[in-house]
Amino acid sequence: MAKDVKPTRKNLMAIEDRIDLSERGHDTLEKKRDGLIMEFMDILDQAQDVRADMNDAYDRAQHAIDVARAMDGDVAVRGAAAALDQHPEITTQSKNIMGVVVPQIESSKVRKSLDERGYGVLGTSARIDETADAYETLVEEIILAAEVETAMKKMLDEIEKTKRRVNALEFTLLPQLYENQEYIEQKLEEQEREEIFRLKKIKSKKEAEESEQRKEEAEAEDEDEETAVPADD
């Protein structure tokens, strides 16, 4: 509260410095928030596209495996899947977007040639090959979706954090500092008026005393003159 602040010029200068710093911080955070929102909207558009592509890839993969199971049998499909001995490898790096560290996910050994899949080419049909292709595409889409949606979540968290800081400055700290500033300025003005009134009173009293002193001196001079007049013979 403002009444808890001592109304001194030193405190007033300190509060003015804090106000200046807080206002500049508020402007910077607002610009950061707006920039983050723009970046988030771009990532959101990308995430929607990636999500749609992933859903399409899932539907194609599901359709392919259903056809393979129906035509070649579940045993053949499971045998081909079990023959895989080289699994995809995932590596993660990071990049900075307006101070927010988001992941970059890179994969290898997702796409494989026929001889890398492990099952015998002569013992399987084209339908199993198509199913393998469809699921490799789905894995790539899932990895991309994971990267984009993780980045989107981190951006959203940073936006919320920045918004809270902006609101704290705008609706809590700055109003309190303005109130303290106004309180100290009013108190200093009151003190200044009181000091001026006190000085005027002192001046008036001094002038009155000087006037009284001059009057007494004048009366004393008159008495001296009367005393100095020689008596008649």
# chains A, B, ... in the order shown; residues from 1 in each chain; ligands from 1
>>> residues_around(residues="Tyr135 (chain A)", least_positions_apart="4", cutoff="7 Å", atoms="only C-alpha atoms", output="number ranges by chain")
A: 61, 131, 139
>>> select_by_dssp(residues="region 46-191 of chain A", states="alpha helix (DSSP H)", output="mmCIF file with N, CA, C and O atoms, in the first residue's frame")
data_model
loop_
_atom_site.group_PDB
_atom_site.id
_atom_site.type_symbol
_atom_site.label_atom_id
_atom_site.label_comp_id
_atom_site.auth_asym_id
_atom_site.auth_seq_id
_atom_site.Cartn_x
_atom_site.Cartn_y
_atom_site.Cartn_z
ATOM 1 N N GLN A 46 0.620 -25.563 -39.433
ATOM 2 C CA GLN A 46 1.439 -26.717 -39.822
ATOM 3 C C GLN A 46 0.973 -27.979 -39.093
ATOM 4 O O GLN A 46 0.901 -29.057 -39.695
ATOM 5 N N ALA A 47 0.634 -27.836 -37.808
ATOM 6 C CA ALA A 47 0.186 -28.990 -37.022
ATOM 7 C C ALA A 47 -1.117 -29.564 -37.578
ATOM 8 O O ALA A 47 -1.306 -30.791 -37.601
ATOM 9 N N GLN A 48 -2.006 -28.701 -38.012
ATOM 10 C CA GLN A 48 -3.269 -29.173 -38.579
ATOM 11 C C GLN A 48 -3.032 -29.964 -39.862
ATOM 12 O O GLN A 48 -3.656 -31.011 -40.090
ATOM 13 N N ASP A 49 -2.102 -29.446 -40.685
ATOM 14 C CA ASP A 49 -1.775 -30.171 -41.922
ATOM 15 C C ASP A 49 -1.121 -31.514 -41.605
ATOM 16 O O ASP A 49 -1.449 -32.540 -42.227
ATOM 17 N N VAL A 50 -0.183 -31.507 -40.657
ATOM 18 C CA VAL A 50 0.515 -32.742 -40.287
ATOM 19 C C VAL A 50 -0.461 -33.746 -39.700
ATOM 20 O O VAL A 50 -0.405 -34.948 -40.000
ATOM 21 N N ARG A 51 -1.376 -33.278 -38.860
ATOM 22 C CA ARG A 51 -2.379 -34.166 -38.264
ATOM 23 C C ARG A 51 -3.268 -34.789 -39.340
ATOM 24 O O ARG A 51 -3.564 -36.001 -39.281
ATOM 25 N N ALA A 52 -3.658 -33.975 -40.314
ATOM 26 C CA ALA A 52 -4.493 -34.509 -41.407
ATOM 27 C C ALA A 52 -3.718 -35.546 -42.217
ATOM 28 O O ALA A 52 -4.259 -36.608 -42.570
ATOM 29 N N ASP A 53 -2.424 -35.259 -42.512
ATOM 30 C CA ASP A 53 -1.600 -36.218 -43.270
ATOM 31 C C ASP A 53 -1.410 -37.504 -42.467
ATOM 32 O O ASP A 53 -1.415 -38.608 -43.039
ATOM 33 N N MET A 54 -1.234 -37.382 -41.155
ATOM 34 C CA MET A 54 -1.045 -38.570 -40.320
ATOM 35 C C MET A 54 -2.319 -39.420 -40.305
ATOM 36 O O MET A 54 -2.250 -40.664 -40.380
ATOM 37 N N ASN A 55 -3.458 -38.782 -40.211
ATOM 38 C CA ASN A 55 -4.717 -39.528 -40.221
ATOM 39 C C ASN A 55 -4.920 -40.248 -41.554
ATOM 40 O O ASN A 55 -5.376 -41.399 -41.592
ATOM 41 N N ASP A 56 -4.560 -39.552 -42.646
ATOM 42 C CA ASP A 56 -4.671 -40.186 -43.968
ATOM 43 C C ASP A 56 -3.717 -41.372 -44.072
ATOM 44 O O ASP A 56 -4.086 -42.437 -44.601
ATOM 45 N N ALA A 57 -2.487 -41.190 -43.553
ATOM 46 C CA ALA A 57 -1.509 -42.279 -43.603
ATOM 47 C C ALA A 57 -1.977 -43.461 -42.761
ATOM 48 O O ALA A 57 -1.796 -44.634 -43.151
ATOM 49 N N TYR A 58 -2.608 -43.175 -41.636
ATOM 50 C CA TYR A 58 -3.132 -44.253 -40.785
ATOM 51 C C TYR A 58 -4.244 -45.015 -41.515
ATOM 52 O O TYR A 58 -4.280 -46.258 -41.485
ATOM 53 N N ASP A 59 -5.137 -44.283 -42.148
ATOM 54 C CA ASP A 59 -6.239 -44.937 -42.872
ATOM 55 C C ASP A 59 -5.698 -45.820 -43.996
ATOM 56 O O ASP A 59 -6.178 -46.961 -44.192
ATOM 57 N N ARG A 60 -4.681 -45.324 -44.717
ATOM 58 C CA ARG A 60 -4.105 -46.108 -45.819
ATOM 59 C C ARG A 60 -3.407 -47.368 -45.271
ATOM 60 O O ARG A 60 -3.524 -48.461 -45.839
ATOM 61 N N ALA A 61 -2.667 -47.174 -44.154
ATOM 62 C CA ALA A 61 -1.956 -48.313 -43.569
ATOM 63 C C ALA A 61 -2.951 -49.357 -43.038
ATOM 64 O O ALA A 61 -2.750 -50.570 -43.219
ATOM 65 N N GLN A 62 -4.010 -48.900 -42.399
ATOM 66 C CA GLN A 62 -5.018 -49.818 -41.883
ATOM 67 C C GLN A 62 -5.711 -50.573 -43.008
ATOM 68 O O GLN A 62 -5.949 -51.788 -42.909
ATOM 69 N N HIS A 63 -6.001 -49.865 -44.082
ATOM 70 C CA HIS A 63 -6.638 -50.514 -45.232
ATOM 71 C C HIS A 63 -5.694 -51.540 -45.856
ATOM 72 O O HIS A 63 -6.120 -52.664 -46.211
ATOM 73 N N ALA A 64 -4.415 -51.193 -45.967
ATOM 74 C CA ALA A 64 -3.445 -52.096 -46.582
ATOM 75 C C ALA A 64 -3.288 -53.375 -45.762
ATOM 76 O O ALA A 64 -3.247 -54.485 -46.318
ATOM 77 N N ILE A 65 -3.212 -53.227 -44.427
ATOM 78 C CA ILE A 65 -3.023 -54.428 -43.607
ATOM 79 C C ILE A 65 -4.292 -55.273 -43.562
ATOM 80 O O ILE A 65 -4.231 -56.510 -43.490
ATOM 81 N N ASP A 66 -5.450 -54.649 -43.651
ATOM 82 C CA ASP A 66 -6.700 -55.414 -43.700
ATOM 83 C C ASP A 66 -6.773 -56.252 -44.980
ATOM 84 O O ASP A 66 -7.176 -57.426 -44.946
ATOM 85 N N VAL A 67 -6.361 -55.655 -46.105
ATOM 86 C CA VAL A 67 -6.365 -56.379 -47.379
ATOM 87 C C VAL A 67 -5.348 -57.519 -47.327
ATOM 88 O O VAL A 67 -5.635 -58.655 -47.765
ATOM 89 N N ALA A 68 -4.151 -57.250 -46.778
ATOM 90 C CA ALA A 68 -3.113 -58.277 -46.707
ATOM 91 C C ALA A 68 -3.561 -59.442 -45.826
ATOM 92 O O ALA A 68 -3.324 -60.616 -46.160
ATOM 93 N N ARG A 69 -4.192 -59.138 -44.712
ATOM 94 C CA ARG A 69 -4.673 -60.211 -43.833
ATOM 95 C C ARG A 69 -5.773 -61.032 -44.518
ATOM 96 O O ARG A 69 -5.819 -62.258 -44.365
ATOM 97 N N ALA A 70 -6.622 -60.338 -45.235
ATOM 98 C CA ALA A 70 -7.721 -61.044 -45.900
ATOM 99 C C ALA A 70 -7.222 -61.923 -47.036
ATOM 100 O O ALA A 70 -7.725 -63.043 -47.236
ATOM 101 N N MET A 71 -6.219 -61.463 -47.773
ATOM 102 C CA MET A 71 -5.759 -62.186 -48.958
ATOM 103 C C MET A 71 -4.640 -63.171 -48.633
ATOM 104 O O MET A 71 -4.595 -64.283 -49.188
ATOM 105 N N ASP A 72 -3.707 -62.781 -47.744
ATOM 106 C CA ASP A 72 -2.538 -63.624 -47.481
ATOM 107 C C ASP A 72 -2.607 -64.353 -46.141
ATOM 108 O O ASP A 72 -1.803 -65.262 -45.894
ATOM 109 N N ASP A 74 -3.405 -63.939 -41.696
ATOM 110 C CA ASP A 74 -2.816 -63.226 -40.576
ATOM 111 C C ASP A 74 -1.424 -63.757 -40.230
ATOM 112 O O ASP A 74 -0.543 -62.993 -39.830
ATOM 113 N N VAL A 75 -1.210 -65.053 -40.435
ATOM 114 C CA VAL A 75 0.082 -65.651 -40.119
ATOM 115 C C VAL A 75 1.180 -65.066 -41.004
ATOM 116 O O VAL A 75 2.284 -64.746 -40.542
ATOM 117 N N ALA A 76 0.888 -64.910 -42.281
ATOM 118 C CA ALA A 76 1.878 -64.360 -43.212
ATOM 119 C C ALA A 76 2.228 -62.919 -42.861
ATOM 120 O O ALA A 76 3.400 -62.506 -42.914
ATOM 121 N N VAL A 77 1.211 -62.139 -42.485
ATOM 122 C CA VAL A 77 1.450 -60.734 -42.131
ATOM 123 C C VAL A 77 2.289 -60.646 -40.867
ATOM 124 O O VAL A 77 3.263 -59.878 -40.788
ATOM 125 N N ARG A 78 1.939 -61.455 -39.855
ATOM 126 C CA ARG A 78 2.702 -61.429 -38.605
ATOM 127 C C ARG A 78 4.141 -61.931 -38.816
ATOM 128 O O ARG A 78 5.083 -61.416 -38.211
ATOM 129 N N GLY A 79 4.282 -62.920 -39.683
ATOM 130 C CA GLY A 79 5.623 -63.432 -39.961
ATOM 131 C C GLY A 79 6.503 -62.389 -40.626
ATOM 132 O O GLY A 79 7.680 -62.253 -40.297
ATOM 133 N N ALA A 80 5.911 -61.642 -41.562
ATOM 134 C CA ALA A 80 6.676 -60.587 -42.231
ATOM 135 C C ALA A 80 7.070 -59.492 -41.243
ATOM 136 O O ALA A 80 8.188 -58.956 -41.282
ATOM 137 N N ALA A 81 6.138 -59.156 -40.317
ATOM 138 C CA ALA A 81 6.425 -58.115 -39.330
ATOM 139 C C ALA A 81 7.516 -58.570 -38.364
ATOM 140 O O ALA A 81 8.398 -57.795 -37.979
ATOM 141 N N ALA A 82 7.483 -59.833 -37.993
ATOM 142 C CA ALA A 82 8.463 -60.352 -37.041
ATOM 143 C C ALA A 82 9.857 -60.479 -37.636
ATOM 144 O O ALA A 82 10.858 -60.545 -36.916
ATOM 145 N N ALA A 126 2.865 -58.849 -53.021
ATOM 146 C CA ALA A 126 2.978 -57.392 -53.172
ATOM 147 C C ALA A 126 2.128 -56.669 -52.139
ATOM 148 O O ALA A 126 2.425 -55.529 -51.761
ATOM 149 N N ARG A 127 1.057 -57.344 -51.688
ATOM 150 C CA ARG A 127 0.195 -56.711 -50.693
ATOM 151 C C ARG A 127 0.944 -56.470 -49.377
ATOM 152 O O ARG A 127 0.751 -55.443 -48.716
ATOM 153 N N ILE A 128 1.795 -57.393 -48.970
ATOM 154 C CA ILE A 128 2.599 -57.196 -47.752
ATOM 155 C C ILE A 128 3.619 -56.081 -47.974
ATOM 156 O O ILE A 128 3.889 -55.277 -47.066
ATOM 157 N N ASP A 129 4.190 -56.030 -49.185
ATOM 158 C CA ASP A 129 5.113 -54.933 -49.499
ATOM 159 C C ASP A 129 4.400 -53.583 -49.395
ATOM 160 O O ASP A 129 4.942 -52.608 -48.853
ATOM 161 N N GLU A 130 3.182 -53.526 -49.930
ATOM 162 C CA GLU A 130 2.414 -52.281 -49.870
ATOM 163 C C GLU A 130 2.070 -51.917 -48.424
ATOM 164 O O GLU A 130 2.083 -50.740 -48.049
ATOM 165 N N THR A 131 1.775 -52.931 -47.619
ATOM 166 C CA THR A 131 1.491 -52.679 -46.202
ATOM 167 C C THR A 131 2.725 -52.123 -45.495
ATOM 168 O O THR A 131 2.637 -51.175 -44.692
ATOM 169 N N ALA A 132 3.895 -52.708 -45.786
ATOM 170 C CA ALA A 132 5.138 -52.214 -45.185
ATOM 171 C C ALA A 132 5.400 -50.764 -45.597
ATOM 172 O O ALA A 132 5.777 -49.932 -44.762
ATOM 173 N N ASP A 133 5.193 -50.468 -46.877
ATOM 174 C CA ASP A 133 5.368 -49.082 -47.348
ATOM 175 C C ASP A 133 4.427 -48.132 -46.608
ATOM 176 O O ASP A 133 4.824 -47.034 -46.196
ATOM 177 N N ALA A 134 3.163 -48.572 -46.453
ATOM 178 C CA ALA A 134 2.161 -47.716 -45.812
ATOM 179 C C ALA A 134 2.524 -47.432 -44.360
ATOM 180 O O ALA A 134 2.382 -46.301 -43.873
ATOM 181 N N TYR A 135 3.017 -48.453 -43.651
ATOM 182 C CA TYR A 135 3.360 -48.246 -42.242
ATOM 183 C C TYR A 135 4.654 -47.457 -42.073
ATOM 184 O O TYR A 135 4.823 -46.727 -41.088
ATOM 185 N N GLU A 136 5.566 -47.575 -43.014
ATOM 186 C CA GLU A 136 6.766 -46.732 -42.955
ATOM 187 C C GLU A 136 6.384 -45.260 -43.141
ATOM 188 O O GLU A 136 6.916 -44.378 -42.449
ATOM 189 N N THR A 137 5.456 -45.019 -44.053
ATOM 190 C CA THR A 137 4.965 -43.645 -44.238
ATOM 191 C C THR A 137 4.273 -43.148 -42.975
ATOM 192 O O THR A 137 4.459 -42.000 -42.545
ATOM 193 N N LEU A 138 3.487 -44.036 -42.349
ATOM 194 C CA LEU A 138 2.782 -43.645 -41.119
ATOM 195 C C LEU A 138 3.768 -43.311 -40.005
ATOM 196 O O LEU A 138 3.577 -42.329 -39.269
ATOM 197 N N VAL A 139 4.825 -44.092 -39.867
ATOM 198 C CA VAL A 139 5.832 -43.812 -38.831
ATOM 199 C C VAL A 139 6.469 -42.445 -39.063
ATOM 200 O O VAL A 139 6.673 -41.669 -38.118
ATOM 201 N N GLU A 140 6.795 -42.127 -40.311
ATOM 202 C CA GLU A 140 7.375 -40.813 -40.616
ATOM 203 C C GLU A 140 6.402 -39.692 -40.251
ATOM 204 O O GLU A 140 6.814 -38.648 -39.704
ATOM 205 N N GLU A 141 5.126 -39.869 -40.537
ATOM 206 C CA GLU A 141 4.134 -38.852 -40.217
ATOM 207 C C GLU A 141 3.971 -38.699 -38.706
ATOM 208 O O GLU A 141 3.792 -37.597 -38.196
ATOM 209 N N ILE A 142 4.042 -39.810 -37.975
ATOM 210 C CA ILE A 142 3.929 -39.752 -36.513
ATOM 211 C C ILE A 142 5.109 -38.984 -35.913
ATOM 212 O O ILE A 142 4.944 -38.164 -34.996
ATOM 213 N N ILE A 143 6.310 -39.237 -36.428
ATOM 214 C CA ILE A 143 7.497 -38.535 -35.935
ATOM 215 C C ILE A 143 7.379 -37.038 -36.192
ATOM 216 O O ILE A 143 7.668 -36.202 -35.320
ATOM 217 N N LEU A 144 6.933 -36.680 -37.396
ATOM 218 C CA LEU A 144 6.767 -35.263 -37.729
ATOM 219 C C LEU A 144 5.692 -34.629 -36.848
ATOM 220 O O LEU A 144 5.861 -33.499 -36.364
ATOM 221 N N ALA A 145 4.597 -35.371 -36.634
ATOM 222 C CA ALA A 145 3.525 -34.838 -35.780
ATOM 223 C C ALA A 145 4.016 -34.629 -34.351
ATOM 224 O O ALA A 145 3.658 -33.638 -33.697
ATOM 225 N N ALA A 146 4.831 -35.554 -33.862
ATOM 226 C CA ALA A 146 5.369 -35.420 -32.509
ATOM 227 C C ALA A 146 6.234 -34.165 -32.388
ATOM 228 O O ALA A 146 6.155 -33.427 -31.383
ATOM 229 N N GLU A 147 7.053 -33.901 -33.403
ATOM 230 C CA GLU A 147 7.906 -32.703 -33.387
ATOM 231 C C GLU A 147 7.077 -31.432 -33.393
ATOM 232 O O GLU A 147 7.287 -30.525 -32.585
ATOM 233 N N VAL A 148 6.106 -31.375 -34.310
ATOM 234 C CA VAL A 148 5.315 -30.150 -34.465
ATOM 235 C C VAL A 148 4.432 -29.903 -33.249
ATOM 236 O O VAL A 148 4.347 -28.784 -32.735
ATOM 237 N N GLU A 149 3.783 -30.948 -32.748
ATOM 238 C CA GLU A 149 2.865 -30.752 -31.632
ATOM 239 C C GLU A 149 3.614 -30.475 -30.323
ATOM 240 O O GLU A 149 3.113 -29.748 -29.474
ATOM 241 N N THR A 150 4.807 -31.030 -30.171
ATOM 242 C CA THR A 150 5.612 -30.686 -28.996
ATOM 243 C C THR A 150 6.040 -29.225 -29.054
ATOM 244 O O THR A 150 5.995 -28.508 -28.042
ATOM 245 N N ALA A 151 6.453 -28.773 -30.236
ATOM 246 C CA ALA A 151 6.817 -27.361 -30.409
ATOM 247 C C ALA A 151 5.610 -26.468 -30.128
ATOM 248 O O ALA A 151 5.736 -25.416 -29.477
ATOM 249 N N MET A 152 4.446 -26.878 -30.602
ATOM 250 C CA MET A 152 3.238 -26.094 -30.389
ATOM 251 C C MET A 152 2.911 -25.979 -28.904
ATOM 252 O O MET A 152 2.559 -24.912 -28.402
ATOM 253 N N LYS A 153 3.044 -27.083 -28.171
ATOM 254 C CA LYS A 153 2.768 -27.061 -26.731
ATOM 255 C C LYS A 153 3.750 -26.152 -25.991
ATOM 256 O O LYS A 153 3.353 -25.394 -25.101
ATOM 257 N N LYS A 154 5.041 -26.243 -26.355
ATOM 258 C CA LYS A 154 6.037 -25.396 -25.699
ATOM 259 C C LYS A 154 5.770 -23.917 -26.000
ATOM 260 O O LYS A 154 5.913 -23.055 -25.121
ATOM 261 N N MET A 155 5.395 -23.610 -27.237
ATOM 262 C CA MET A 155 5.077 -22.227 -27.590
ATOM 263 C C MET A 155 3.864 -21.742 -26.811
ATOM 264 O O MET A 155 3.837 -20.600 -26.316
ATOM 265 N N LEU A 156 2.848 -22.590 -26.694
ATOM 266 C CA LEU A 156 1.642 -22.206 -25.963
ATOM 267 C C LEU A 156 1.955 -21.954 -24.488
ATOM 268 O O LEU A 156 1.456 -20.988 -23.891
ATOM 269 N N ASP A 157 2.782 -22.810 -23.896
ATOM 270 C CA ASP A 157 3.182 -22.618 -22.498
ATOM 271 C C ASP A 157 3.917 -21.292 -22.321
ATOM 272 O O ASP A 157 3.693 -20.565 -21.340
ATOM 273 N N GLU A 158 4.806 -20.976 -23.258
ATOM 274 C CA GLU A 158 5.562 -19.721 -23.165
ATOM 275 C C GLU A 158 4.645 -18.512 -23.355
ATOM 276 O O GLU A 158 4.830 -17.475 -22.701
ATOM 277 N N ILE A 159 3.659 -18.633 -24.244
ATOM 278 C CA ILE A 159 2.700 -17.543 -24.440
ATOM 279 C C ILE A 159 1.928 -17.286 -23.153
ATOM 280 O O ILE A 159 1.753 -16.133 -22.730
ATOM 281 N N GLU A 160 1.450 -18.349 -22.509
ATOM 282 C CA GLU A 160 0.703 -18.203 -21.263
ATOM 283 C C GLU A 160 1.584 -17.595 -20.176
ATOM 284 O O GLU A 160 1.132 -16.731 -19.412
ATOM 285 N N LYS A 161 2.829 -18.026 -20.107
ATOM 286 C CA LYS A 161 3.752 -17.481 -19.112
ATOM 287 C C LYS A 161 3.994 -15.988 -19.364
ATOM 288 O O LYS A 161 4.001 -15.172 -18.427
ATOM 289 N N THR A 162 4.196 -15.630 -20.630
ATOM 290 C CA THR A 162 4.434 -14.227 -20.976
ATOM 291 C C THR A 162 3.198 -13.380 -20.715
ATOM 292 O O THR A 162 3.303 -12.251 -20.221
ATOM 293 N N LYS A 163 2.017 -13.909 -21.018
ATOM 294 C CA LYS A 163 0.768 -13.187 -20.753
ATOM 295 C C LYS A 163 0.597 -12.928 -19.259
ATOM 296 O O LYS A 163 0.166 -11.839 -18.864
ATOM 297 N N ARG A 164 0.930 -13.909 -18.428
ATOM 298 C CA ARG A 164 0.816 -13.708 -16.985
ATOM 299 C C ARG A 164 1.765 -12.611 -16.510
ATOM 300 O O ARG A 164 1.404 -11.794 -15.638
ATOM 301 N N ARG A 165 2.955 -12.577 -17.073
ATOM 302 C CA ARG A 165 3.920 -11.537 -16.687
ATOM 303 C C ARG A 165 3.451 -10.159 -17.145
ATOM 304 O O ARG A 165 3.593 -9.171 -16.412
ATOM 305 N N VAL A 166 2.906 -10.092 -18.357
ATOM 306 C CA VAL A 166 2.369 -8.820 -18.863
ATOM 307 C C VAL A 166 1.239 -8.342 -17.965
ATOM 308 O O VAL A 166 1.172 -7.163 -17.579
ATOM 309 N N ASN A 167 0.322 -9.248 -17.631
ATOM 310 C CA ASN A 167 -0.811 -8.872 -16.785
ATOM 311 C C ASN A 167 -0.370 -8.462 -15.387
ATOM 312 O O ASN A 167 -0.942 -7.535 -14.790
ATOM 313 N N ALA A 168 0.638 -9.159 -14.859
ATOM 314 C CA ALA A 168 1.144 -8.813 -13.527
ATOM 315 C C ALA A 168 1.715 -7.398 -13.523
ATOM 316 O O ALA A 168 1.493 -6.626 -12.574
ATOM 317 N N LEU A 174 2.546 -2.044 -11.890
ATOM 318 C CA LEU A 174 2.542 -0.645 -12.345
ATOM 319 C C LEU A 174 1.484 0.195 -11.622
ATOM 320 O O LEU A 174 1.795 1.319 -11.197
ATOM 321 N N PRO A 175 0.238 -0.284 -11.466
ATOM 322 C CA PRO A 175 -0.725 0.522 -10.699
ATOM 323 C C PRO A 175 -0.254 0.814 -9.274
ATOM 324 O O PRO A 175 -0.461 1.918 -8.757
ATOM 325 N N GLN A 176 0.386 -0.161 -8.646
ATOM 326 C CA GLN A 176 0.902 0.050 -7.296
ATOM 327 C C GLN A 176 2.010 1.104 -7.296
ATOM 328 O O GLN A 176 2.058 1.975 -6.420
ATOM 329 N N LEU A 177 2.897 1.029 -8.298
ATOM 330 C CA LEU A 177 3.975 2.016 -8.385
ATOM 331 C C LEU A 177 3.423 3.410 -8.670
ATOM 332 O O LEU A 177 3.892 4.399 -8.083
ATOM 333 N N TYR A 178 2.416 3.500 -9.555
ATOM 334 C CA TYR A 178 1.797 4.797 -9.841
ATOM 335 C C TYR A 178 1.138 5.363 -8.575
ATOM 336 O O TYR A 178 1.221 6.566 -8.308
ATOM 337 N N GLU A 179 0.487 4.489 -7.811
ATOM 338 C CA GLU A 179 -0.159 4.925 -6.565
ATOM 339 C C GLU A 179 0.882 5.437 -5.579
ATOM 340 O O GLU A 179 0.692 6.488 -4.943
ATOM 341 N N ASN A 180 1.987 4.699 -5.456
ATOM 342 C CA ASN A 180 3.057 5.136 -4.555
ATOM 343 C C ASN A 180 3.657 6.455 -5.005
ATOM 344 O O ASN A 180 3.957 7.330 -4.179
ATOM 345 N N GLN A 181 3.853 6.590 -6.306
ATOM 346 C CA GLN A 181 4.400 7.828 -6.842
ATOM 347 C C GLN A 181 3.476 9.012 -6.538
ATOM 348 O O GLN A 181 3.930 10.069 -6.084
ATOM 349 N N GLU A 182 2.190 8.823 -6.783
ATOM 350 C CA GLU A 182 1.227 9.895 -6.529
ATOM 351 C C GLU A 182 1.175 10.244 -5.045
ATOM 352 O O GLU A 182 1.113 11.429 -4.671
ATOM 353 N N TYR A 183 1.212 9.208 -4.205
ATOM 354 C CA TYR A 183 1.168 9.438 -2.755
ATOM 355 C C TYR A 183 2.374 10.262 -2.289
ATOM 356 O O TYR A 183 2.222 11.233 -1.543
ATOM 357 N N ILE A 184 3.568 9.864 -2.748
ATOM 358 C CA ILE A 184 4.776 10.577 -2.330
ATOM 359 C C ILE A 184 4.761 12.007 -2.858
ATOM 360 O O ILE A 184 5.108 12.955 -2.140
ATOM 361 N N GLU A 185 4.347 12.187 -4.119
ATOM 362 C CA GLU A 185 4.295 13.542 -4.692
ATOM 363 C C GLU A 185 3.330 14.424 -3.904
ATOM 364 O O GLU A 185 3.634 15.601 -3.632
ATOM 365 N N GLN A 186 2.186 13.872 -3.527
ATOM 366 C CA GLN A 186 1.230 14.659 -2.736
ATOM 367 C C GLN A 186 1.808 15.028 -1.374
ATOM 368 O O GLN A 186 1.669 16.174 -0.918
ATOM 369 N N LYS A 187 2.437 14.041 -0.727
ATOM 370 C CA LYS A 187 3.021 14.310 0.580
ATOM 371 C C LYS A 187 4.153 15.338 0.491
ATOM 372 O O LYS A 187 4.279 16.220 1.353
ATOM 373 N N LEU A 188 4.961 15.231 -0.558
ATOM 374 C CA LEU A 188 6.051 16.190 -0.727
ATOM 375 C C LEU A 188 5.507 17.588 -0.998
ATOM 376 O O LEU A 188 6.064 18.585 -0.516
ATOM 377 N N GLU A 189 4.429 17.664 -1.761
ATOM 378 C CA GLU A 189 3.794 18.960 -2.015
ATOM 379 C C GLU A 189 3.233 19.546 -0.723
ATOM 380 O O GLU A 189 3.347 20.761 -0.476
ATOM 381 N N GLU A 190 2.615 18.674 0.090
ATOM 382 C CA GLU A 190 2.106 19.145 1.391
ATOM 383 C C GLU A 190 3.247 19.641 2.264
ATOM 384 O O GLU A 190 3.137 20.699 2.906
ATOM 385 N N GLN A 191 4.340 18.873 2.279
ATOM 386 C CA GLN A 191 5.491 19.283 3.080
ATOM 387 C C GLN A 191 6.055 20.612 2.569
ATOM 388 O O GLN A 191 6.469 21.466 3.364
#
>>> atom_distance(atom1="CA of Phe171 (chain A)", atom2="CA of Gly25 (chain A)")
13.8 Å
>>> select_by_dssp(residues="region 4-229 of chain A", states="strand (DSSP E)", output="list in words")
Glu89, Ile90, Thr91, Thr92, Gln93, Ser94, Lys95, Asn96, Ile97, Val100, Val101, Val102, Pro103, Gln104, Ile105, Glu106, Ser107 and Ser108 of chain A
>>> residues_around(residues="Ser22 (chain A)", least_positions_apart="5", cutoff="9 Å", atoms="only C-alpha atoms", output="VMD selection string")
chain A and resid 17 27 169 173 to 174
>>> write_last_selection(atoms="C-alpha atoms", output="PDB file, in the first residue's frame")
ATOM      1  CA  ASP A  17      13.232   4.403 -11.910  1.00  0.00           C
ATOM      2  CA  ASP A  27       6.481  -3.105 -23.752  1.00  0.00           C
ATOM      3  CA  LEU A 169       2.980  -5.687 -14.673  1.00  0.00           C
ATOM      4  CA  LEU A 173       2.903  -3.793 -10.213  1.00  0.00           C
ATOM      5  CA  LEU A 174       2.542  -0.645 -12.345  1.00  0.00           C
TER       6      LEU A 174
END
>>> residues_around(residues="Lys112 (chain A)", least_positions_apart="2", cutoff="10 Å", atoms="only C-alpha atoms", output="JSON, numbers by chain")
{"A": [86, 87, 88, 108, 109, 110, 114, 115, 116, 117, 118, 132, 133, 136]}
>>> atom_distance(atom1="CA of Lys10 (chain A)", atom2="CA of His26 (chain A)")
24.1 Å
>>> atom_distance(atom1="CA of Leu36 (chain A)", atom2="CA of Val102 (chain A)")
12.7 Å
